[in-house]
file model-v7.csv (CSV, C-alpha atoms and all ligand atoms)
chain,number,residue,atom,x,y,z
A,1,MET,CA,24.3,1.4,-20.8
A,2,THR,CA,24.1,4.4,-23.2
A,3,THR,CA,20.9,5.6,-24.7
A,4,GLU,CA,22.1,4.5,-28.1
A,5,SER,CA,23.0,1.0,-27.0
A,6,ARG,CA,19.7,0.7,-25.2
A,7,GLN,CA,17.9,1.7,-28.4
A,8,VAL,CA,19.8,-0.8,-30.5
A,9,ARG,CA,19.0,-3.6,-28.1
A,10,LEU,CA,15.4,-2.6,-27.9
A,11,ASP,CA,15.1,-2.4,-31.7
A,12,LEU,CA,16.7,-5.8,-32.0
A,13,MET,CA,14.3,-7.2,-29.5
A,14,VAL,CA,11.3,-5.7,-31.3
A,15,SER,CA,12.4,-7.2,-34.6
A,16,GLY,CA,12.5,-10.6,-32.9
A,17,MET,CA,9.1,-10.0,-31.3
A,18,LEU,CA,7.5,-9.3,-34.6
A,19,SER,CA,8.0,-12.9,-35.7
A,20,CYS,CA,7.4,-14.5,-32.4
A,21,LYS,CA,5.4,-17.7,-32.3
A,22,ALA,CA,6.2,-18.8,-28.8
A,23,CYS,CA,2.7,-19.0,-27.6
A,24,PRO,CA,-0.7,-19.7,-29.3
A,25,LEU,CA,-1.7,-16.1,-29.4
A,26,SER,CA,0.5,-15.7,-32.5
A,27,SER,CA,-2.1,-17.6,-34.5
A,28,ASN,CA,-4.9,-15.0,-34.1
A,29,ARG,CA,-3.0,-11.7,-34.3
A,30,THR,CA,-3.0,-9.2,-37.1
A,31,ASN,CA,0.0,-7.4,-35.7
A,32,VAL,CA,2.4,-7.9,-32.8
A,33,VAL,CA,2.1,-4.9,-30.4
A,34,PRO,CA,5.6,-4.6,-29.0
A,35,GLY,CA,5.3,-1.2,-27.2
A,36,THR,CA,6.1,2.4,-27.9
A,37,GLY,CA,8.3,5.0,-26.5
A,38,PRO,CA,12.0,5.9,-26.0
A,39,ALA,CA,14.4,3.2,-24.8
A,40,ASP,CA,15.6,5.5,-22.0
A,41,ALA,CA,12.1,6.3,-20.7
A,42,GLU,CA,11.9,7.2,-17.1
A,43,ILE,CA,8.4,5.8,-16.7
A,44,MET,CA,7.3,2.4,-18.2
A,45,PHE,CA,3.6,1.6,-18.2
A,46,ILE,CA,2.5,-2.1,-18.5
A,47,GLY,CA,-1.1,-2.8,-19.5
A,48,GLU,CA,-2.8,-6.2,-20.0
A,49,ALA,CA,-3.1,-7.1,-23.6
A,50,PRO,CA,-3.8,-5.5,-27.0
A,51,GLY,CA,-7.4,-5.1,-28.0
A,52,ALA,CA,-8.9,-4.9,-31.5
A,53,LYS,CA,-7.6,-1.4,-32.4
A,54,GLU,CA,-4.2,-2.2,-31.0
A,55,ASP,CA,-4.1,-5.4,-33.0
A,56,THR,CA,-5.0,-3.5,-36.2
A,57,GLN,CA,-2.5,-0.7,-35.7
A,58,GLY,CA,0.3,-2.5,-33.9
A,59,GLU,CA,0.4,0.1,-31.2
A,60,PRO,CA,-0.6,-0.1,-27.5
A,61,PHE,CA,-3.5,1.9,-26.0
A,62,VAL,CA,-4.9,3.4,-29.1
A,63,GLY,CA,-8.6,2.9,-28.2
A,64,GLN,CA,-10.7,4.6,-25.6
A,65,SER,CA,-8.5,3.5,-22.8
A,66,GLY,CA,-5.6,5.0,-24.7
A,67,LYS,CA,-7.4,8.3,-25.0
A,68,LEU,CA,-7.9,8.4,-21.2
A,69,LEU,CA,-4.2,7.5,-20.7
A,70,ASP,CA,-3.2,10.3,-23.0
A,71,ALA,CA,-5.4,12.7,-21.0
A,72,LEU,CA,-3.9,11.5,-17.7
A,73,LEU,CA,-0.4,11.9,-19.1
A,74,SER,CA,-1.3,15.4,-20.3
A,75,SER,CA,-2.6,16.3,-16.9
A,76,ILE,CA,1.0,15.9,-15.5
A,77,GLU,CA,2.6,17.5,-18.6
A,78,LEU,CA,3.8,14.3,-20.2
A,79,ASP,CA,2.8,12.6,-23.4
A,80,ARG,CA,3.2,9.1,-24.8
A,81,ASN,CA,6.3,10.0,-26.7
A,82,SER,CA,8.1,10.6,-23.4
A,83,VAL,CA,7.1,7.3,-21.7
A,84,TYR,CA,7.3,3.7,-22.6
A,85,ILE,CA,4.0,1.8,-23.0
A,86,THR,CA,3.6,-1.9,-23.4
A,87,ASN,CA,1.5,-4.9,-22.3
A,88,THR,CA,2.0,-8.1,-20.5
A,89,VAL,CA,1.3,-10.0,-23.8
A,90,LYS,CA,2.2,-8.6,-27.1
A,91,CYS,CA,-0.5,-10.3,-29.2
A,92,ARG,CA,-4.3,-9.9,-28.9
A,93,PRO,CA,-6.2,-12.8,-27.1
A,94,PRO,CA,-9.2,-14.0,-29.2
A,95,ASN,CA,-12.4,-12.0,-28.4
A,96,ASN,CA,-10.5,-10.0,-25.9
A,97,ARG,CA,-10.5,-12.8,-23.3
A,98,ASP,CA,-8.0,-12.6,-20.5
A,99,PRO,CA,-4.5,-14.0,-21.4
A,100,LEU,CA,-4.0,-17.5,-20.1
A,101,GLN,CA,-1.4,-18.1,-17.4
A,102,SER,CA,0.8,-20.0,-19.8
A,103,GLU,CA,0.6,-17.1,-22.4
A,104,LEU,CA,1.5,-14.6,-19.7
A,105,ASP,CA,4.4,-16.7,-18.5
A,106,THR,CA,5.7,-17.3,-22.0
A,107,CYS,CA,5.6,-13.7,-23.1
A,108,GLN,CA,7.1,-12.4,-19.9
A,109,ASP,CA,10.0,-14.9,-20.1
A,110,HIS,CA,10.6,-14.2,-23.8
A,111,TRP,CA,10.0,-10.4,-23.8
A,112,LEU,CA,8.7,-8.5,-20.9
A,113,ASP,CA,11.5,-9.1,-18.4
A,114,ALA,CA,14.1,-8.3,-21.0
A,115,GLN,CA,12.2,-5.2,-22.1
A,116,ILE,CA,12.2,-3.9,-18.5
A,117,ALA,CA,15.9,-4.8,-18.2
A,118,ILE,CA,16.8,-2.8,-21.3
A,119,ILE,CA,14.7,0.3,-20.5
A,120,GLN,CA,15.5,0.3,-16.8
A,121,PRO,CA,12.7,2.8,-16.0
A,122,LYS,CA,12.9,4.8,-12.9
A,123,ILE,CA,9.3,4.0,-12.2
A,124,LEU,CA,7.5,0.9,-13.4
A,125,VAL,CA,3.7,1.3,-13.6
A,126,PRO,CA,1.5,-1.8,-13.8
A,127,LEU,CA,-1.9,-0.7,-15.1
A,128,GLY,CA,-4.5,-2.9,-13.5
A,129,ARG,CA,-4.4,-6.2,-11.7
A,130,HIS,CA,-3.2,-8.4,-14.6
A,131,ALA,CA,0.0,-6.4,-15.1
A,132,LEU,CA,0.3,-6.0,-11.3
A,133,ASN,CA,0.3,-9.8,-10.9
A,134,ARG,CA,3.2,-10.1,-13.3
A,135,ILE,CA,5.3,-7.6,-11.3
A,136,LEU,CA,4.1,-8.0,-7.7
A,137,PRO,CA,2.4,-11.4,-7.4
A,138,GLY,CA,0.2,-11.8,-4.4
A,139,THR,CA,-0.8,-8.1,-4.2
A,140,THR,CA,-4.1,-6.6,-5.2
A,141,ILE,CA,-4.7,-3.4,-7.2
A,142,GLY,CA,-7.2,-2.1,-4.8
A,143,GLN,CA,-4.7,-2.3,-1.9
A,144,SER,CA,-1.6,-1.3,-3.8
A,145,HIS,CA,-2.6,1.4,-6.3
A,146,GLY,CA,-1.0,4.8,-5.6
A,147,LYS,CA,1.7,3.2,-3.3
A,148,THR,CA,5.4,2.6,-4.0
A,149,PHE,CA,7.1,-0.8,-3.9
A,150,THR,CA,10.7,-1.8,-4.7
A,151,LYS,CA,11.2,-4.9,-6.9
A,152,MET,CA,14.6,-6.0,-8.2
A,153,GLY,CA,15.9,-2.4,-7.9
A,154,PHE,CA,12.9,-0.8,-9.7
A,155,THR,CA,10.3,1.4,-8.0
A,156,VAL,CA,6.9,0.0,-8.8
A,157,TYR,CA,3.9,2.3,-8.6
A,158,PRO,CA,0.7,0.4,-9.5
A,159,ILE,CA,-2.3,2.3,-10.9
A,160,TYR,CA,-5.8,1.1,-12.0
A,161,HIS,CA,-6.2,0.3,-15.7
A,162,PRO,CA,-7.6,3.3,-17.6
A,163,ALA,CA,-10.5,1.0,-18.6
A,164,ALA,CA,-11.7,1.2,-15.0
A,165,GLY,CA,-11.9,5.0,-15.3
A,166,LEU,CA,-14.1,4.7,-18.4
A,167,ARG,CA,-16.6,2.5,-16.5
A,168,GLN,CA,-16.9,4.3,-13.2
A,169,ILE,CA,-16.2,7.9,-12.3
A,170,ARG,CA,-14.8,6.8,-8.9
A,171,TYR,CA,-12.0,5.0,-10.6
A,172,LYS,CA,-11.4,8.0,-12.9
A,173,GLN,CA,-10.9,10.1,-9.9
A,174,LEU,CA,-8.5,7.6,-8.3
A,175,LEU,CA,-6.6,7.5,-11.6
A,176,GLU,CA,-6.3,11.3,-11.6
A,177,GLU,CA,-5.1,11.3,-8.0
A,178,ASP,CA,-2.6,8.6,-8.6
A,179,PHE,CA,-1.2,10.3,-11.7
A,180,LYS,CA,-0.7,13.5,-9.7
A,181,ASN,CA,1.3,11.5,-7.2
A,182,LEU,CA,3.2,9.8,-10.0
A,183,ASN,CA,4.3,13.3,-11.0
A,184,ILE,CA,5.4,14.0,-7.5
A,185,LEU,CA,7.3,10.8,-7.4
A,186,LEU,CA,9.0,11.5,-10.8
A,187,LYS,CA,10.0,15.0,-9.6
A,188,SER,CA,11.5,13.6,-6.5
A,189,TYR,CA,13.6,11.3,-8.6
A,190,GLU,CA,14.8,14.2,-10.7
A,191,LYS,CA,16.1,15.9,-7.5
A,192,SER,CA,17.7,12.7,-6.2
A,193,GLN,CA,21.3,11.9,-7.2
A,194,ASP,CA,21.4,8.6,-5.4
A,195,VAL,CA,18.3,6.8,-6.6
A,196,GLN,CA,20.1,4.1,-8.5
A,197,THR,CA,22.1,2.9,-5.6
A,198,THR,CA,19.5,2.9,-2.8
A,199,SER,CA,17.0,0.1,-2.2
A,200,GLN,CA,14.4,2.5,-0.9
A,201,ALA,CA,12.1,4.6,-3.1
A,202,PRO,CA,12.5,8.3,-2.4
A,203,LYS,CA,10.0,9.7,0.0
A,204,ALA,CA,7.4,11.4,-2.1
A,205,ASN,CA,4.6,11.8,0.4
A,206,ILE,CA,2.5,9.4,-1.6
A,207,PRO,CA,-0.8,8.9,0.2
A,208,SER,CA,-2.1,5.4,1.2
A,209,SER,CA,-5.0,3.9,-0.5
A,210,ASN,CA,-8.3,3.6,1.4
A,211,GLU,CA,-9.9,1.1,-0.9
A,212,ASN,CA,-12.1,-1.5,0.8
A,213,ASN,CA,-12.1,-5.2,-0.1
A,214,SER,CA,-15.2,-5.0,-2.2
A,215,GLN,CA,-13.4,-2.9,-4.7
A,216,ILE,CA,-10.3,-5.2,-5.0
A,217,ASN,CA,-9.7,-7.1,-8.2
A,218,LEU,CA,-12.3,-5.4,-10.3
A,219,PHE,CA,-9.9,-4.4,-13.0
B,1,LIG,S1,2.0,-13.1,-27.0
B,1,LIG,FE1,4.2,-12.8,-26.7
B,1,LIG,S2,5.0,-14.9,-26.5
B,1,LIG,FE2,3.0,-15.1,-27.4
B,1,LIG,S3,3.3,-15.1,-29.7
B,1,LIG,FE3,2.9,-12.9,-29.0
B,1,LIG,S4,4.9,-12.1,-28.6
B,1,LIG,FE4,5.2,-14.3,-28.7

call {"tool": "encode", "arguments": {"input": "model-v7.csv", "output": "structure tokens", "more": "lines below"}}
Ligand code: SF4
result
Amino acid sequence: MTTESRQVRLDLMVSGMLSCKACPLSSNRTNVVPGTGPADAEIMFIGEAPGAKEDTQGEPFVGQSGKLLDALLSSIELDRNSVYITNTVKCRPPNNRDPLQSELDTCQDHWLDAQIAIIQPKILVPLGRHALNRILPGTTIGQSHGKTFTKMGFTVYPIYHPAAGLRQIRYKQLLEEDFKNLNILLKSYEKSQDVQTTSQAPKANIPSSNENNSQINLF
């Protein structure tokens, strides 16, 4: 698929998303928050759900978590214009509650899976446990962050949600470490000519997590 045709398909999808009423979250939203970034982005971040600022502006990660995400991207010489950023659900849950399973399922079936299929990122990054559960059900963020997995031909590299880094310095340090390794992983892809045809993620010397069980599923 060419970059142009990807962009056309993504734009078409977004225009459908803007009028979506497939789940009850449509009744509370101010704006749908489809996602931002180029259709041919090499990295696709998936957060949980829009918050109040995102709902107002129609863009993902524009609050405090977004500022930290911007800083983490900047630390590896990327910015949000070079990556794709979206959420598991595109409409804000009332009072920032967790999205319901049915809402998550509906939005993934209608939009998220197709979004991933169009963008075909080299690296798919679930941010936090809610997004991780959509991509790698049965895994925990504490055990899987900073490690690579292969799912349906995509390399999946889970990272804590930036909100975790705002709450505890330890998670901010883990985020910084995982972003450094994300950069190593991305660079290894840039050197690889065969990445699309192999089922194994390239060896990028990504360290294993030493999280203990008490820290699992916090975010
Ligand atoms: S959350 Fe997703 S499925 Fe539900 S109304 Fe919004 S766009 Fe549609």

call {"tool": "closest_residue", "arguments": {"input": "model-v7.csv", "among": "A:Leu182, A:Ala164, A:Leu174, A:Val32", "to": "ligand LIG 1 (chain B)", "atoms": "only C-alpha atoms and all ligand atoms"}}
result
A:Val32

call {"tool": "closest_residue", "arguments": {"input": "model-v7.csv", "among": "A:Arg9, A:Thr88, A:Val62, A:Leu72", "to": "ligand LIG 1 (chain B)", "atoms": "all atoms listed in the file"}}
result
A:Thr88

call {"tool": "closest_residue", "arguments": {"input": "model-v7.csv", "among": "A:Gly138, A:Pro34, A:Pro94, A:Gly128", "to": "ligand LIG 1 (chain B)", "atoms": "all atoms listed in the file"}}
result
A:Pro34

call {"tool": "residues_near_ligand", "arguments": {"input": "model-v7.csv", "ligand": "ligand LIG 1 (chain B)", "cutoff": "10 Å", "atoms": "all atoms listed in the file", "output": "PyMOL selection string"}}
result
chain A and resi 14+16-29+31-34+49-50+87-93+99+102-112

call {"tool": "write_last_selection", "arguments": {"input": "model-v7.csv", "atoms": "C-alpha atoms", "output": "PDB file, keeping the file's coordinate frame"}}
result
ATOM      1  CA  VAL A  14      11.300  -5.700 -31.300  1.00  0.00           C
ATOM      2  CA  GLY A  16      12.500 -10.600 -32.900  1.00  0.00           C
ATOM      3  CA  MET A  17       9.100 -10.000 -31.300  1.00  0.00           C
ATOM      4  CA  LEU A  18       7.500  -9.300 -34.600  1.00  0.00           C
ATOM      5  CA  SER A  19       8.000 -12.900 -35.700  1.00  0.00           C
ATOM      6  CA  CYS A  20       7.400 -14.500 -32.400  1.00  0.00           C
ATOM      7  CA  LYS A  21       5.400 -17.700 -32.300  1.00  0.00           C
ATOM      8  CA  ALA A  22       6.200 -18.800 -28.800  1.00  0.00           C
ATOM      9  CA  CYS A  23       2.700 -19.000 -27.600  1.00  0.00           C
ATOM     10  CA  PRO A  24      -0.700 -19.700 -29.300  1.00  0.00           C
ATOM     11  CA  LEU A  25      -1.700 -16.100 -29.400  1.00  0.00           C
ATOM     12  CA  SER A  26       0.500 -15.700 -32.500  1.00  0.00           C
ATOM     13  CA  SER A  27      -2.100 -17.600 -34.500  1.00  0.00           C
ATOM     14  CA  ASN A  28      -4.900 -15.000 -34.100  1.00  0.00           C
ATOM     15  CA  ARG A  29      -3.000 -11.700 -34.300  1.00  0.00           C
ATOM     16  CA  ASN A  31       0.000  -7.400 -35.700  1.00  0.00           C
ATOM     17  CA  VAL A  32       2.400  -7.900 -32.800  1.00  0.00           C
ATOM     18  CA  VAL A  33       2.100  -4.900 -30.400  1.00  0.00           C
ATOM     19  CA  PRO A  34       5.600  -4.600 -29.000  1.00  0.00           C
ATOM     20  CA  ALA A  49      -3.100  -7.100 -23.600  1.00  0.00           C
ATOM     21  CA  PRO A  50      -3.800  -5.500 -27.000  1.00  0.00           C
ATOM     22  CA  ASN A  87       1.500  -4.900 -22.300  1.00  0.00           C
ATOM     23  CA  THR A  88       2.000  -8.100 -20.500  1.00  0.00           C
ATOM     24  CA  VAL A  89       1.300 -10.000 -23.800  1.00  0.00           C
ATOM     25  CA  LYS A  90       2.200  -8.600 -27.100  1.00  0.00           C
ATOM     26  CA  CYS A  91      -0.500 -10.300 -29.200  1.00  0.00           C
ATOM     27  CA  ARG A  92      -4.300  -9.900 -28.900  1.00  0.00           C
ATOM     28  CA  PRO A  93      -6.200 -12.800 -27.100  1.00  0.00           C
ATOM     29  CA  PRO A  99      -4.500 -14.000 -21.400  1.00  0.00           C
ATOM     30  CA  SER A 102       0.800 -20.000 -19.800  1.00  0.00           C
ATOM     31  CA  GLU A 103       0.600 -17.100 -22.400  1.00  0.00           C
ATOM     32  CA  LEU A 104       1.500 -14.600 -19.700  1.00  0.00           C
ATOM     33  CA  ASP A 105       4.400 -16.700 -18.500  1.00  0.00           C
ATOM     34  CA  THR A 106       5.700 -17.300 -22.000  1.00  0.00           C
ATOM     35  CA  CYS A 107       5.600 -13.700 -23.100  1.00  0.00           C
ATOM     36  CA  GLN A 108       7.100 -12.400 -19.900  1.00  0.00           C
ATOM     37  CA  ASP A 109      10.000 -14.900 -20.100  1.00  0.00           C
ATOM     38  CA  HIS A 110      10.600 -14.200 -23.800  1.00  0.00           C
ATOM     39  CA  TRP A 111      10.000 -10.400 -23.800  1.00  0.00           C
ATOM     40  CA  LEU A 112       8.700  -8.500 -20.900  1.00  0.00           C
TER      41      LEU A 112
END

call {"tool": "atom_distance", "arguments": {"input": "model-v7.csv", "atom1": "CA of Leu185 (chain A)", "atom2": "CA of Leu68 (chain A)"}}
result
20.7 Å

call {"tool": "atom_distance", "arguments": {"input": "model-v7.csv", "atom1": "CA of Pro60 (chain A)", "atom2": "CA of Gly142 (chain A)"}}
result
23.7 Å

call {"tool": "residues_around", "arguments": {"input": "model-v7.csv", "residues": "Ala41 (chain A)", "least_positions_apart": "5", "cutoff": "6 Å", "atoms": "only C-alpha atoms", "output": "MDAnalysis selection string"}}
result
chainID A and resid 83:84 121

call {"tool": "atom_distance", "arguments": {"input": "model-v7.csv", "atom1": "CA of Lys180 (chain A)", "atom2": "CA of Asp40 (chain A)"}}
result
21.9 Å

call {"tool": "residues_around", "arguments": {"input": "model-v7.csv", "residues": "Ile85 (chain A)", "least_positions_apart": "3", "cutoff": "10 Å", "atoms": "all atoms listed in the file", "output": "list of chain:residue names"}}
result
A:Pro34, A:Gly35, A:Thr36, A:Gly37, A:Pro38, A:Ala41, A:Ile43, A:Met44, A:Phe45, A:Ile46, A:Gly47, A:Glu59, A:Pro60, A:Phe61, A:Arg80, A:Asn81, A:Ser82, A:Val125

call {"tool": "closest_residue", "arguments": {"input": "model-v7.csv", "among": "A:Gln120, A:Glu42, A:Phe179, A:Asn133", "to": "Leu69 (chain A)", "atoms": "all atoms listed in the file"}}
result
A:Phe179

call {"tool": "residues_around", "arguments": {"input": "model-v7.csv", "residues": "Gly146 (chain A)", "least_positions_apart": "4", "cutoff": "10 Å", "atoms": "only C-alpha atoms", "output": "PyMOL selection string"}}
result
chain A and resi 125+141-142+156-160+174-175+177-182+206-209

call {"tool": "closest_residue", "arguments": {"input": "model-v7.csv", "among": "A:Ser188, A:Gln115, A:Asn183, A:Gln173", "to": "Leu12 (chain A)", "atoms": "all atoms listed in the file"}}
result
A:Gln115

call {"tool": "closest_residue", "arguments": {"input": "model-v7.csv", "among": "A:Glu77, A:Gln101, A:Met13, A:Leu166", "to": "Gly63 (chain A)", "atoms": "all atoms listed in the file"}}
result
A:Leu166

call {"tool": "build_atoms", "arguments": {"input": "model-v7.csv", "residues": "region 12-23 of chain A", "atoms": "N, CA and C atoms", "output": "CSV table (one decimal), in the frame of the given file"}}
result
chain,number,residue,atom,x,y,z
A,12,LEU,N,16.4,-4.4,-31.7
A,12,LEU,CA,16.7,-5.8,-32.0
A,12,LEU,C,15.7,-6.7,-31.4
A,13,MET,N,15.3,-6.4,-30.1
A,13,MET,CA,14.3,-7.2,-29.5
A,13,MET,C,12.9,-7.1,-30.2
A,14,VAL,N,12.6,-5.9,-30.6
A,14,VAL,CA,11.3,-5.7,-31.3
A,14,VAL,C,11.3,-6.5,-32.6
A,15,SER,N,12.4,-6.5,-33.3
A,15,SER,CA,12.4,-7.2,-34.6
A,15,SER,C,12.2,-8.7,-34.3
A,16,GLY,N,12.7,-9.2,-33.2
A,16,GLY,CA,12.5,-10.6,-32.9
A,16,GLY,C,11.1,-10.9,-32.5
A,17,MET,N,10.5,-9.9,-31.8
A,17,MET,CA,9.1,-10.0,-31.3
A,17,MET,C,8.1,-10.1,-32.4
A,18,LEU,N,8.4,-9.4,-33.5
A,18,LEU,CA,7.5,-9.3,-34.6
A,18,LEU,C,7.3,-10.7,-35.3
A,19,SER,N,8.2,-11.6,-35.1
A,19,SER,CA,8.0,-12.9,-35.7
A,19,SER,C,7.8,-14.0,-34.7
A,20,CYS,N,7.5,-13.6,-33.5
A,20,CYS,CA,7.4,-14.5,-32.4
A,20,CYS,C,6.2,-15.5,-32.5
A,21,LYS,N,6.5,-16.8,-32.3
A,21,LYS,CA,5.4,-17.7,-32.3
A,21,LYS,C,5.5,-18.6,-31.1
A,22,ALA,N,6.0,-18.0,-30.0
A,22,ALA,CA,6.2,-18.8,-28.8
A,22,ALA,C,5.0,-19.2,-28.1
A,23,CYS,N,3.9,-18.6,-28.3
A,23,CYS,CA,2.7,-19.0,-27.6
A,23,CYS,C,1.5,-19.0,-28.6
